[in-house]
file start27.cif (mmCIF, C-alpha atoms)
data_upload
loop_
_atom_site.label_atom_id
_atom_site.label_comp_id
_atom_site.auth_asym_id
_atom_site.auth_seq_id
_atom_site.Cartn_x
_atom_site.Cartn_y
_atom_site.Cartn_z
CA MET A 20 -14.83 -3.53 -23.98
CA THR A 21 -16.63 -1.01 -26.17
CA SER A 22 -16.61 2.77 -25.90
CA GLU A 23 -20.30 2.53 -24.90
CA GLN A 24 -19.41 0.32 -21.96
CA ASN A 25 -16.60 2.68 -20.94
CA THR A 26 -18.72 5.82 -20.96
CA ASP A 27 -21.94 4.33 -19.58
CA PRO A 28 -21.03 2.27 -16.51
CA LEU A 29 -23.47 0.42 -14.30
CA ILE A 30 -23.25 1.72 -10.74
CA VAL A 31 -24.67 -0.56 -8.03
CA GLY A 32 -24.22 0.66 -4.49
CA SER A 33 -20.54 1.43 -4.03
CA ARG A 34 -19.42 -0.56 -7.07
CA THR A 35 -19.00 0.37 -10.72
CA PHE A 36 -19.23 -2.16 -13.55
CA HIS A 37 -18.48 -1.78 -17.25
CA SER A 38 -20.76 -4.58 -18.43
CA ARG A 39 -24.53 -4.48 -17.92
CA LEU A 40 -24.80 -8.22 -18.36
CA LEU A 41 -24.68 -10.22 -15.13
CA VAL A 42 -24.44 -14.00 -15.43
CA GLY A 43 -25.03 -17.06 -13.32
CA SER A 44 -22.65 -19.94 -12.76
CA GLY A 45 -25.00 -22.93 -12.47
CA LYS A 46 -26.27 -25.64 -14.82
CA TYR A 47 -23.15 -25.89 -16.99
CA LYS A 48 -21.81 -29.34 -17.85
CA ASP A 49 -18.52 -28.66 -16.05
CA LEU A 50 -16.37 -25.87 -14.63
CA GLU A 51 -14.51 -25.42 -17.90
CA GLU A 52 -17.74 -24.57 -19.70
CA THR A 53 -18.60 -22.21 -16.84
CA ARG A 54 -15.26 -20.48 -17.28
CA LEU A 55 -15.50 -20.17 -21.06
CA ALA A 56 -19.11 -18.93 -21.04
CA SER A 57 -18.34 -16.37 -18.34
CA GLU A 58 -15.43 -15.06 -20.39
CA ALA A 59 -17.48 -14.94 -23.61
CA SER A 60 -20.23 -12.98 -21.87
CA GLY A 61 -17.92 -10.11 -21.03
CA ALA A 62 -19.66 -9.90 -17.63
CA ASP A 63 -18.03 -8.28 -14.62
CA VAL A 64 -20.47 -9.90 -12.18
CA VAL A 65 -21.04 -13.63 -11.74
CA THR A 66 -23.61 -14.85 -9.26
CA LEU A 67 -23.42 -18.14 -7.39
CA ALA A 68 -25.76 -20.05 -5.12
CA ILE A 69 -24.09 -20.30 -1.72
CA ARG A 70 -26.26 -23.25 -0.71
CA ARG A 71 -25.36 -25.23 -3.84
CA SER A 72 -21.81 -24.19 -4.73
CA ASN A 73 -18.45 -25.18 -3.32
CA ILE A 74 -16.31 -22.08 -2.93
CA GLY A 75 -13.79 -23.63 -0.58
CA GLN A 76 -15.92 -25.00 2.23
CA ASN A 77 -15.43 -28.53 0.83
CA PRO A 78 -11.67 -28.85 0.09
CA ASP A 79 -12.05 -32.29 -1.53
CA GLU A 80 -14.43 -31.00 -4.23
CA GLU A 81 -13.94 -28.77 -7.26
CA ASN A 82 -13.93 -25.11 -6.29
CA LEU A 83 -16.19 -22.88 -8.40
CA LEU A 84 -13.86 -19.95 -7.74
CA ASP A 85 -11.22 -21.68 -9.87
CA ALA A 86 -13.50 -21.07 -12.87
CA ILE A 87 -14.66 -17.59 -11.84
CA PRO A 88 -11.78 -16.16 -9.79
CA PRO A 89 -12.60 -13.18 -7.55
CA GLU A 90 -9.57 -11.34 -8.95
CA LYS A 91 -11.31 -11.25 -12.34
CA TYR A 92 -15.03 -11.06 -11.44
CA THR A 93 -17.19 -9.55 -8.77
CA ILE A 94 -18.73 -12.57 -7.10
CA LEU A 95 -22.40 -12.06 -6.28
CA PRO A 96 -23.52 -14.66 -3.73
CA ASN A 97 -27.23 -15.38 -3.91
CA THR A 98 -29.77 -17.05 -1.66
CA ALA A 99 -31.25 -19.40 -4.27
CA GLY A 100 -33.10 -22.25 -2.63
CA CYS A 101 -34.17 -20.24 0.41
CA PHE A 102 -37.87 -20.28 1.26
CA THR A 103 -37.80 -18.27 4.50
CA ALA A 104 -36.40 -14.90 5.47
CA LYS A 105 -34.40 -16.55 8.24
CA ASP A 106 -32.65 -18.95 5.85
CA ALA A 107 -31.90 -16.15 3.37
CA VAL A 108 -30.34 -13.94 6.05
CA ARG A 109 -28.29 -16.84 7.40
CA THR A 110 -27.06 -17.66 3.89
CA CYS A 111 -25.94 -14.07 3.25
CA ARG A 112 -24.04 -14.01 6.53
CA LEU A 113 -22.36 -17.30 5.61
CA ALA A 114 -21.37 -15.81 2.23
CA ARG A 115 -19.84 -12.79 3.95
CA GLU A 116 -17.78 -15.11 6.13
CA LEU A 117 -16.65 -17.34 3.25
CA LEU A 118 -15.79 -14.37 1.01
CA ASP A 119 -13.79 -12.37 3.57
CA GLY A 120 -16.34 -9.70 4.44
CA HIS A 121 -17.99 -9.41 1.02
CA ASP A 122 -21.15 -7.33 1.45
CA LEU A 123 -22.79 -7.30 -2.01
CA VAL A 124 -25.46 -10.01 -2.15
CA LYS A 125 -28.42 -11.04 -4.26
CA LEU A 126 -31.46 -11.73 -2.11
CA GLU A 127 -34.18 -14.08 -3.24
CA VAL A 128 -36.76 -15.73 -1.01
CA LEU A 129 -38.92 -18.15 -2.93
CA GLY A 130 -42.54 -18.84 -2.12
CA ASP A 131 -43.40 -21.80 -4.32
CA LYS A 132 -41.33 -24.70 -5.62
CA LYS A 133 -43.31 -25.04 -8.85
CA THR A 134 -43.26 -21.44 -10.09
CA LEU A 135 -40.25 -20.18 -8.07
CA TYR A 136 -42.11 -16.92 -7.62
CA PRO A 137 -40.78 -14.75 -4.80
CA ASP A 138 -42.40 -14.70 -1.37
CA ILE A 139 -42.79 -10.93 -1.16
CA THR A 140 -43.59 -10.75 2.56
CA ALA A 141 -40.48 -12.78 3.41
CA THR A 142 -38.41 -10.84 0.89
CA LEU A 143 -39.31 -7.53 2.52
CA GLU A 144 -38.49 -8.95 5.96
CA ALA A 145 -35.12 -10.31 4.86
CA ALA A 146 -34.23 -7.12 2.98
CA GLU A 147 -34.86 -4.97 6.05
CA THR A 148 -32.68 -7.24 8.20
CA LEU A 149 -29.82 -7.37 5.70
CA VAL A 150 -29.77 -3.62 5.05
CA LYS A 151 -29.60 -3.00 8.81
CA ASP A 152 -26.74 -5.53 8.91
CA ASN A 153 -24.77 -3.39 6.42
CA PHE A 154 -25.24 -5.60 3.37
CA GLN A 155 -25.62 -4.06 -0.08
CA VAL A 156 -28.71 -5.90 -1.25
CA MET A 157 -29.70 -6.60 -4.84
CA VAL A 158 -33.16 -8.09 -4.58
CA TYR A 159 -35.17 -10.47 -6.77
CA THR A 160 -38.85 -9.60 -6.79
CA SER A 161 -42.07 -9.74 -8.77
CA ASP A 162 -42.89 -7.14 -11.41
CA ASP A 163 -45.17 -5.26 -8.98
CA PRO A 164 -44.22 -1.54 -9.15
CA LEU A 165 -45.37 -0.85 -5.58
CA ILE A 166 -43.23 -3.64 -4.13
CA ALA A 167 -40.26 -2.55 -6.23
CA LYS A 168 -40.51 0.95 -4.80
CA ARG A 169 -40.87 -0.38 -1.26
CA LEU A 170 -37.69 -2.44 -1.64
CA GLU A 171 -35.86 0.65 -2.86
CA GLU A 172 -37.14 2.62 0.15
CA ILE A 173 -35.88 -0.09 2.49
CA GLY A 174 -32.40 0.56 1.11
CA CYS A 175 -31.76 -2.11 -1.52
CA VAL A 176 -29.05 -0.99 -3.96
CA ALA A 177 -30.73 -2.64 -6.96
CA VAL A 178 -34.21 -4.01 -7.61
CA MET A 179 -34.42 -7.08 -9.86
CA PRO A 180 -37.93 -7.81 -11.15
CA LEU A 181 -38.61 -11.02 -13.02
CA ALA A 182 -39.43 -10.85 -16.71
CA ALA A 183 -41.10 -14.28 -16.47
CA PRO A 184 -40.70 -17.31 -14.18
CA ILE A 185 -37.14 -18.46 -13.47
CA GLY A 186 -35.82 -20.70 -16.23
CA SER A 187 -38.91 -20.29 -18.42
CA GLY A 188 -37.22 -18.44 -21.29
CA LEU A 189 -40.48 -16.63 -22.06
CA GLY A 190 -39.03 -13.12 -22.23
CA ILE A 191 -40.65 -10.02 -20.76
CA GLN A 192 -44.33 -10.76 -20.21
CA ASN A 193 -45.42 -7.40 -18.80
CA LYS A 194 -43.54 -4.52 -20.37
CA TYR A 195 -45.84 -1.92 -18.85
CA ASN A 196 -45.11 -3.00 -15.28
CA ILE A 197 -41.39 -3.00 -15.99
CA LEU A 198 -41.65 0.49 -17.49
CA ASN A 199 -43.56 1.68 -14.45
CA ILE A 200 -40.86 0.30 -12.16
CA ILE A 201 -38.10 1.97 -14.21
CA GLU A 202 -39.82 5.35 -14.34
CA ASN A 203 -40.21 5.49 -10.55
CA ALA A 204 -36.81 4.15 -9.55
CA THR A 205 -33.68 5.90 -8.33
CA VAL A 206 -31.66 2.68 -8.07
CA PRO A 207 -30.71 0.31 -10.90
CA ILE A 208 -33.47 -1.92 -12.26
CA ILE A 209 -32.03 -5.21 -13.46
CA ILE A 210 -34.17 -7.86 -15.11
CA ASP A 211 -33.72 -11.17 -13.32
CA ALA A 212 -35.29 -14.38 -14.65
CA GLY A 213 -37.24 -15.28 -17.77
CA VAL A 214 -34.86 -14.22 -20.55
CA GLY A 215 -34.55 -16.87 -23.24
CA THR A 216 -32.51 -15.44 -26.10
CA ALA A 217 -30.65 -12.36 -27.26
CA SER A 218 -33.74 -10.49 -28.47
CA ASP A 219 -35.26 -10.75 -24.97
CA ALA A 220 -32.17 -9.13 -23.49
CA ALA A 221 -32.21 -6.38 -26.12
CA VAL A 222 -35.89 -5.63 -25.39
CA ALA A 223 -35.15 -5.29 -21.68
CA MET A 224 -32.39 -2.80 -22.37
CA GLU A 225 -34.47 -0.87 -24.93
CA LEU A 226 -37.14 -0.42 -22.27
CA GLY A 227 -34.56 1.33 -20.11
CA CYS A 228 -33.49 -1.42 -17.73
CA ASP A 229 -30.04 -0.89 -16.28
CA GLY A 230 -28.97 -4.47 -16.80
CA VAL A 231 -29.99 -8.09 -17.16
CA LEU A 232 -29.02 -11.09 -15.05
CA MET A 233 -29.34 -14.51 -16.65
CA ASN A 234 -28.22 -18.09 -16.24
CA SER A 235 -30.44 -20.64 -17.99
CA ALA A 236 -30.64 -18.62 -21.20
CA ILE A 237 -26.92 -19.20 -21.60
CA SER A 238 -26.27 -22.51 -19.83
CA ALA A 239 -29.27 -24.27 -21.41
CA ALA A 240 -28.45 -23.13 -24.96
CA GLN A 241 -27.19 -25.71 -27.42
CA ASN A 242 -23.95 -23.73 -27.58
CA PRO A 243 -23.62 -21.88 -24.27
CA ILE A 244 -20.39 -20.11 -25.16
CA LEU A 245 -21.77 -18.74 -28.41
CA MET A 246 -24.99 -17.70 -26.65
CA ALA A 247 -22.96 -15.90 -23.98
CA SER A 248 -21.32 -13.87 -26.72
CA ALA A 249 -24.70 -13.17 -28.34
CA MET A 250 -26.06 -11.91 -25.02
CA LYS A 251 -23.09 -9.60 -24.59
CA HIS A 252 -23.80 -7.94 -27.93
CA ALA A 253 -27.56 -7.84 -27.32
CA ILE A 254 -27.08 -5.94 -24.07
CA ILE A 255 -24.79 -3.41 -25.74
CA ALA A 256 -27.12 -2.99 -28.74
CA GLY A 257 -30.20 -2.61 -26.57
CA ARG A 258 -28.56 0.00 -24.37
CA GLU A 259 -27.36 1.99 -27.38
CA ALA A 260 -30.84 1.84 -28.92
CA PHE A 261 -32.34 3.11 -25.65
CA HIS A 262 -29.98 6.08 -25.67
CA ALA A 263 -30.52 6.70 -29.38
CA GLY A 264 -34.31 6.92 -29.00
CA ARG A 265 -36.42 4.86 -31.36
CA MET A 266 -38.51 6.41 -34.12
CA PRO A 267 -42.21 6.92 -33.34
CA ARG A 268 -44.52 4.04 -34.15
CA LYS A 269 -47.00 4.82 -36.93
CA ARG A 270 -50.07 3.05 -38.21
CA TYR A 271 -49.38 3.90 -41.85
CA ALA A 272 -46.45 3.95 -44.23
CA SER A 273 -43.98 6.81 -44.38
CA ALA A 274 -41.59 6.84 -47.34
CA SER A 275 -37.91 6.68 -46.49
CA SER A 276 -37.17 9.03 -49.39
CA PRO A 277 -39.50 12.04 -49.84
CA ILE A 278 -41.51 12.00 -53.07
CA ASP A 279 -42.26 15.74 -53.10
CA GLY A 280 -40.21 17.61 -55.65
CA THR A 281 -39.31 14.59 -57.77
CA PHE A 282 -38.58 15.26 -61.45
CA PHE A 283 -40.65 12.43 -62.94
#
call {"tool": "encode", "arguments": {"input": "start27.cif", "output": "structure tokens"}}
result
Amino acid sequence: MTSEQNTDPLIVGSRTFHSRLLVGSGKYKDLEETRLASEASGADVVTLAIRRSNIGQNPDEENLLDAIPPEKYTILPNTAGCFTAKDAVRTCRLARELLDGHDLVKLEVLGDKKTLYPDITATLEAAETLVKDNFQVMVYTSDDPLIAKRLEEIGCVAVMPLAAPIGSGLGIQNKYNILNIIENATVPIIIDAGVGTASDAAVAMELGCDGVLMNSAISAAQNPILMASAMKHAIIAGREAFHAGRMPRKRYASASSPIDGTFF
């Protein structure tokens, strides 16, 4: 853990995290690779799909929590695979039951199986229900600044706009929308979906995002464990660069060493 991570924590709802990288737990070849990649990422938060993961409900199958134990990580159950508000709310309530009252959840309600874009109307409906039911909701959404603000107003503890479609690896496609969301937010803005490599993560952090959540960018890499480490460093570097403040962009050259007053 670096001094930057120590002095610049990520606060989401009632929880404080030292790493601004949040990682997924799916698509790895086995639980051992999941464990090693999670460790290499330095993440405090690991998300899992309640509808697709065994976390003890099937005693005869491998338990994902053996690879990402709750004593070491904050488990972030998500509603991946839900296409209605009703299913998403039911899934979050199931997660709370399976995880002994755990209230921090990642809400996503998908609207289309091809693009996996969020169904915004259903997302708003589910968010309102879950907040009233005393969940701390981190919510996946489009990069629409108006919707992001509405989700914050509903009471979501973090808003998670996509950078590009889930699993696409395209990086941030609309920096100006993301900047608009950041500038108008009072809750953490965490990029969710579309990151492909370390430079994408660094760009997100340099824009001023509070964190990045990723899965495919690590699990689909040729060397997932090495990529997890690369992402850890990219997040730290991008955050430090954001705090440092980049130099102004210029159309013309500016000498690094002044030429005025030279002797020859």
call {"tool": "resolve_selection", "arguments": {"input": "start27.cif", "expression": "the PyMOL selection byres ((chain A and resi 202) around 12)", "output": "ChimeraX atom specification"}}
result
/A:164,167-168,195-201,203-208,226-229
call {"tool": "residues_around", "arguments": {"input": "start27.cif", "residues": "segment 80-90 of chain A", "least_positions_apart": "3", "cutoff": "12 Å", "atoms": "all atoms listed in the file", "output": "PyMOL selection string"}}
result
chain A and resi 42-45+47+49-58+62-69+71-77+93-96+117-119+121
call {"tool": "residues_around", "arguments": {"input": "start27.cif", "residues": "Ile185 of chain A", "least_positions_apart": "3", "cutoff": "8 Å", "atoms": "only C-alpha atoms", "output": "PyMOL selection string"}}
result
chain A and resi 134-136+181+188+212-213
call {"tool": "closest_residue", "arguments": {"input": "start27.cif", "among": "A:Leu113, A:Ala145, A:Met266, A:Met233", "to": "Arg70 of chain A", "atoms": "only C-alpha atoms"}}
result
A:Leu113
call {"tool": "residues_around", "arguments": {"input": "start27.cif", "residues": "Asn153 of chain A", "least_positions_apart": "2", "cutoff": "12 Å", "atoms": "all atoms listed in the file", "output": "PyMOL selection string"}}
result
chain A and resi 32+108+111-112+115+120-124+146-151+155-156+174-176
call {"tool": "atom_distance", "arguments": {"input": "start27.cif", "atom1": "atom CA of Leu126 of chain A", "atom2": "atom CA of Thr216 of chain A"}}
result
24.3 Å
call {"tool": "closest_residue", "arguments": {"input": "start27.cif", "among": "A:Gln192, A:Asn97, A:Thr103, A:Thr140", "to": "Met157 of chain A", "atoms": "all atoms listed in the file"}}
result
A:Asn97
call {"tool": "closest_residue", "arguments": {"input": "start27.cif", "among": "A:Leu129, A:Ser273, A:Glu144, A:Leu189", "to": "Ser161 of chain A", "atoms": "all atoms listed in the file"}}
result
A:Leu129
call {"tool": "closest_residue", "arguments": {"input": "start27.cif", "among": "A:Glu127, A:Ser187, A:Ala141, A:Arg34", "to": "Thr160 of chain A", "atoms": "only C-alpha atoms"}}
result
A:Glu127
call {"tool": "residues_around", "arguments": {"input": "start27.cif", "residues": "Gly264 of chain A", "least_positions_apart": "5", "cutoff": "12 Å", "atoms": "all atoms listed in the file", "output": "PDB file with C-alpha atoms, in the coordinates of the input"}}
result
ATOM      1  CA  MET A 224     -32.390  -2.800 -22.370  1.00  0.00           C
ATOM      2  CA  GLU A 225     -34.470  -0.870 -24.930  1.00  0.00           C
ATOM      3  CA  LEU A 226     -37.140  -0.420 -22.270  1.00  0.00           C
ATOM      4  CA  GLY A 227     -34.560   1.330 -20.110  1.00  0.00           C
ATOM      5  CA  GLY A 257     -30.200  -2.610 -26.570  1.00  0.00           C
ATOM      6  CA  ARG A 258     -28.560   0.000 -24.370  1.00  0.00           C
ATOM      7  CA  GLU A 259     -27.360   1.990 -27.380  1.00  0.00           C
TER       8      GLU A 259
END
call {"tool": "atom_distance", "arguments": {"input": "start27.cif", "atom1": "atom CA of Thr35 of chain A", "atom2": "atom CA of Met250 of chain A"}}
result
20.1 Å
call {"tool": "closest_residue", "arguments": {"input": "start27.cif", "among": "A:Val178, A:Ile210, A:Ala104, A:Ala247", "to": "Ser60 of chain A", "atoms": "all atoms listed in the file"}}
result
A:Ala247
call {"tool": "closest_residue", "arguments": {"input": "start27.cif", "among": "A:Ala221, A:Leu29, A:Ile173, A:Met179", "to": "Leu143 of chain A", "atoms": "all atoms listed in the file"}}
result
A:Ile173
call {"tool": "atom_distance", "arguments": {"input": "start27.cif", "atom1": "atom CA of Ala256 of chain A", "atom2": "atom CA of Ile191 of chain A"}}
result
17.2 Å
call {"tool": "residues_around", "arguments": {"input": "start27.cif", "residues": "Val128 of chain A", "least_positions_apart": "2", "cutoff": "6 Å", "atoms": "only C-alpha atoms", "output": "JSON, numbers by chain"}}
result
{"A": [101, 102, 137, 138, 142]}
call {"tool": "decode", "arguments": {"input": "start27.cif", "residues": "segment 128-154 of chain A", "atoms": "N, CA, C and O atoms", "output": "PDB file, in the first residue's frame"}}
result
ATOM      1  N   VAL A 128     -29.243  -3.010 -14.141  1.00  0.00           N
ATOM      2  CA  VAL A 128     -30.407  -3.579 -14.814  1.00  0.00           C
ATOM      3  C   VAL A 128     -30.179  -3.387 -16.304  1.00  0.00           C
ATOM      4  O   VAL A 128     -30.144  -2.251 -16.797  1.00  0.00           O
ATOM      5  N   LEU A 129     -29.997  -4.479 -17.004  1.00  0.00           N
ATOM      6  CA  LEU A 129     -29.638  -4.415 -18.413  1.00  0.00           C
ATOM      7  C   LEU A 129     -30.882  -4.308 -19.290  1.00  0.00           C
ATOM      8  O   LEU A 129     -31.950  -4.811 -18.948  1.00  0.00           O
ATOM      9  N   GLY A 130     -30.704  -3.632 -20.426  1.00  0.00           N
ATOM     10  CA  GLY A 130     -31.834  -3.435 -21.315  1.00  0.00           C
ATOM     11  C   GLY A 130     -31.735  -4.164 -22.624  1.00  0.00           C
ATOM     12  O   GLY A 130     -32.721  -4.269 -23.365  1.00  0.00           O
ATOM     13  N   ASP A 131     -30.539  -4.709 -22.927  1.00  0.00           N
ATOM     14  CA  ASP A 131     -30.337  -5.308 -24.244  1.00  0.00           C
ATOM     15  C   ASP A 131     -29.230  -6.349 -24.144  1.00  0.00           C
ATOM     16  O   ASP A 131     -28.136  -6.060 -23.636  1.00  0.00           O
ATOM     17  N   LYS A 132     -29.483  -7.550 -24.625  1.00  0.00           N
ATOM     18  CA  LYS A 132     -28.516  -8.634 -24.484  1.00  0.00           C
ATOM     19  C   LYS A 132     -27.310  -8.478 -25.398  1.00  0.00           C
ATOM     20  O   LYS A 132     -26.236  -9.038 -25.125  1.00  0.00           O
ATOM     21  N   LYS A 133     -27.455  -7.723 -26.482  1.00  0.00           N
ATOM     22  CA  LYS A 133     -26.345  -7.559 -27.417  1.00  0.00           C
ATOM     23  C   LYS A 133     -25.351  -6.515 -26.920  1.00  0.00           C
ATOM     24  O   LYS A 133     -24.132  -6.740 -26.928  1.00  0.00           O
ATOM     25  N   THR A 134     -25.852  -5.353 -26.509  1.00  0.00           N
ATOM     26  CA  THR A 134     -24.963  -4.264 -26.085  1.00  0.00           C
ATOM     27  C   THR A 134     -24.725  -4.236 -24.584  1.00  0.00           C
ATOM     28  O   THR A 134     -23.762  -3.637 -24.121  1.00  0.00           O
ATOM     29  N   LEU A 135     -25.604  -4.887 -23.811  1.00  0.00           N
ATOM     30  CA  LEU A 135     -25.565  -4.850 -22.341  1.00  0.00           C
ATOM     31  C   LEU A 135     -25.641  -3.419 -21.803  1.00  0.00           C
ATOM     32  O   LEU A 135     -25.132  -3.127 -20.729  1.00  0.00           O
ATOM     33  N   TYR A 136     -26.268  -2.545 -22.576  1.00  0.00           N
ATOM     34  CA  TYR A 136     -26.497  -1.196 -22.079  1.00  0.00           C
ATOM     35  C   TYR A 136     -27.548  -1.244 -20.973  1.00  0.00           C
ATOM     36  O   TYR A 136     -28.427  -2.106 -20.967  1.00  0.00           O
ATOM     37  N   PRO A 137     -27.467  -0.315 -20.030  1.00  0.00           N
ATOM     38  CA  PRO A 137     -28.436  -0.321 -18.934  1.00  0.00           C
ATOM     39  C   PRO A 137     -29.818   0.141 -19.374  1.00  0.00           C
ATOM     40  O   PRO A 137     -29.943   1.013 -20.235  1.00  0.00           O
ATOM     41  N   ASP A 138     -30.839  -0.463 -18.774  1.00  0.00           N
ATOM     42  CA  ASP A 138     -32.212   0.012 -18.927  1.00  0.00           C
ATOM     43  C   ASP A 138     -32.390   1.102 -17.869  1.00  0.00           C
ATOM     44  O   ASP A 138     -32.548   0.805 -16.687  1.00  0.00           O
ATOM     45  N   ILE A 139     -32.349   2.344 -18.281  1.00  0.00           N
ATOM     46  CA  ILE A 139     -32.323   3.455 -17.333  1.00  0.00           C
ATOM     47  C   ILE A 139     -33.626   3.571 -16.547  1.00  0.00           C
ATOM     48  O   ILE A 139     -33.618   3.800 -15.328  1.00  0.00           O
ATOM     49  N   THR A 140     -34.752   3.378 -17.207  1.00  0.00           N
ATOM     50  CA  THR A 140     -36.037   3.472 -16.510  1.00  0.00           C
ATOM     51  C   THR A 140     -36.111   2.426 -15.400  1.00  0.00           C
ATOM     52  O   THR A 140     -36.487   2.741 -14.253  1.00  0.00           O
ATOM     53  N   ALA A 141     -35.717   1.192 -15.708  1.00  0.00           N
ATOM     54  CA  ALA A 141     -35.740   0.123 -14.710  1.00  0.00           C
ATOM     55  C   ALA A 141     -34.682   0.348 -13.631  1.00  0.00           C
ATOM     56  O   ALA A 141     -34.894   0.018 -12.455  1.00  0.00           O
ATOM     57  N   THR A 142     -33.555   0.905 -14.023  1.00  0.00           N
ATOM     58  CA  THR A 142     -32.496   1.196 -13.055  1.00  0.00           C
ATOM     59  C   THR A 142     -32.974   2.212 -12.027  1.00  0.00           C
ATOM     60  O   THR A 142     -32.747   2.053 -10.814  1.00  0.00           O
ATOM     61  N   LEU A 143     -33.607   3.272 -12.489  1.00  0.00           N
ATOM     62  CA  LEU A 143     -34.135   4.284 -11.569  1.00  0.00           C
ATOM     63  C   LEU A 143     -35.167   3.671 -10.621  1.00  0.00           C
ATOM     64  O   LEU A 143     -35.164   3.952  -9.411  1.00  0.00           O
ATOM     65  N   GLU A 144     -36.037   2.837 -11.152  1.00  0.00           N
ATOM     66  CA  GLU A 144     -37.065   2.186 -10.335  1.00  0.00           C
ATOM     67  C   GLU A 144     -36.431   1.301  -9.259  1.00  0.00           C
ATOM     68  O   GLU A 144     -36.809   1.357  -8.072  1.00  0.00           O
ATOM     69  N   ALA A 145     -35.476   0.476  -9.670  1.00  0.00           N
ATOM     70  CA  ALA A 145     -34.825  -0.426  -8.719  1.00  0.00           C
ATOM     71  C   ALA A 145     -34.025   0.352  -7.676  1.00  0.00           C
ATOM     72  O   ALA A 145     -34.019  -0.007  -6.490  1.00  0.00           O
ATOM     73  N   ALA A 146     -33.342   1.404  -8.103  1.00  0.00           N
ATOM     74  CA  ALA A 146     -32.550   2.206  -7.171  1.00  0.00           C
ATOM     75  C   ALA A 146     -33.431   2.815  -6.084  1.00  0.00           C
ATOM     76  O   ALA A 146     -33.080   2.803  -4.895  1.00  0.00           O
ATOM     77  N   GLU A 147     -34.574   3.350  -6.469  1.00  0.00           N
ATOM     78  CA  GLU A 147     -35.488   3.943  -5.496  1.00  0.00           C
ATOM     79  C   GLU A 147     -35.953   2.907  -4.479  1.00  0.00           C
ATOM     80  O   GLU A 147     -35.979   3.162  -3.268  1.00  0.00           O
ATOM     81  N   THR A 148     -36.287   1.717  -4.955  1.00  0.00           N
ATOM     82  CA  THR A 148     -36.754   0.647  -4.064  1.00  0.00           C
ATOM     83  C   THR A 148     -35.656   0.214  -3.103  1.00  0.00           C
ATOM     84  O   THR A 148     -35.885   0.064  -1.893  1.00  0.00           O
ATOM     85  N   LEU A 149     -34.452   0.028  -3.617  1.00  0.00           N
ATOM     86  CA  LEU A 149     -33.344  -0.460  -2.787  1.00  0.00           C
ATOM     87  C   LEU A 149     -32.907   0.573  -1.747  1.00  0.00           C
ATOM     88  O   LEU A 149     -32.605   0.225  -0.612  1.00  0.00           O
ATOM     89  N   VAL A 150     -32.870   1.833  -2.132  1.00  0.00           N
ATOM     90  CA  VAL A 150     -32.499   2.878  -1.170  1.00  0.00           C
ATOM     91  C   VAL A 150     -33.524   2.931  -0.040  1.00  0.00           C
ATOM     92  O   VAL A 150     -33.165   3.040   1.140  1.00  0.00           O
ATOM     93  N   LYS A 151     -34.789   2.824  -0.374  1.00  0.00           N
ATOM     94  CA  LYS A 151     -35.846   2.821   0.648  1.00  0.00           C
ATOM     95  C   LYS A 151     -35.745   1.585   1.539  1.00  0.00           C
ATOM     96  O   LYS A 151     -36.176   1.610   2.699  1.00  0.00           O
ATOM     97  N   ASP A 152     -35.145   0.515   0.988  1.00  0.00           N
ATOM     98  CA  ASP A 152     -34.983  -0.736   1.730  1.00  0.00           C
ATOM     99  C   ASP A 152     -33.641  -0.771   2.465  1.00  0.00           C
ATOM    100  O   ASP A 152     -33.177  -1.834   2.877  1.00  0.00           O
ATOM    101  N   ASN A 153     -33.015   0.392   2.610  1.00  0.00           N
ATOM    102  CA  ASN A 153     -31.792   0.557   3.405  1.00  0.00           C
ATOM    103  C   ASN A 153     -30.564  -0.142   2.814  1.00  0.00           C
ATOM    104  O   ASN A 153     -29.652  -0.526   3.550  1.00  0.00           O
ATOM    105  N   PHE A 154     -30.536  -0.287   1.507  1.00  0.00           N
ATOM    106  CA  PHE A 154     -29.312  -0.731   0.843  1.00  0.00           C
ATOM    107  C   PHE A 154     -28.440   0.487   0.541  1.00  0.00           C
ATOM    108  O   PHE A 154     -28.946   1.596   0.323  1.00  0.00           O
TER     109      PHE A 154
END
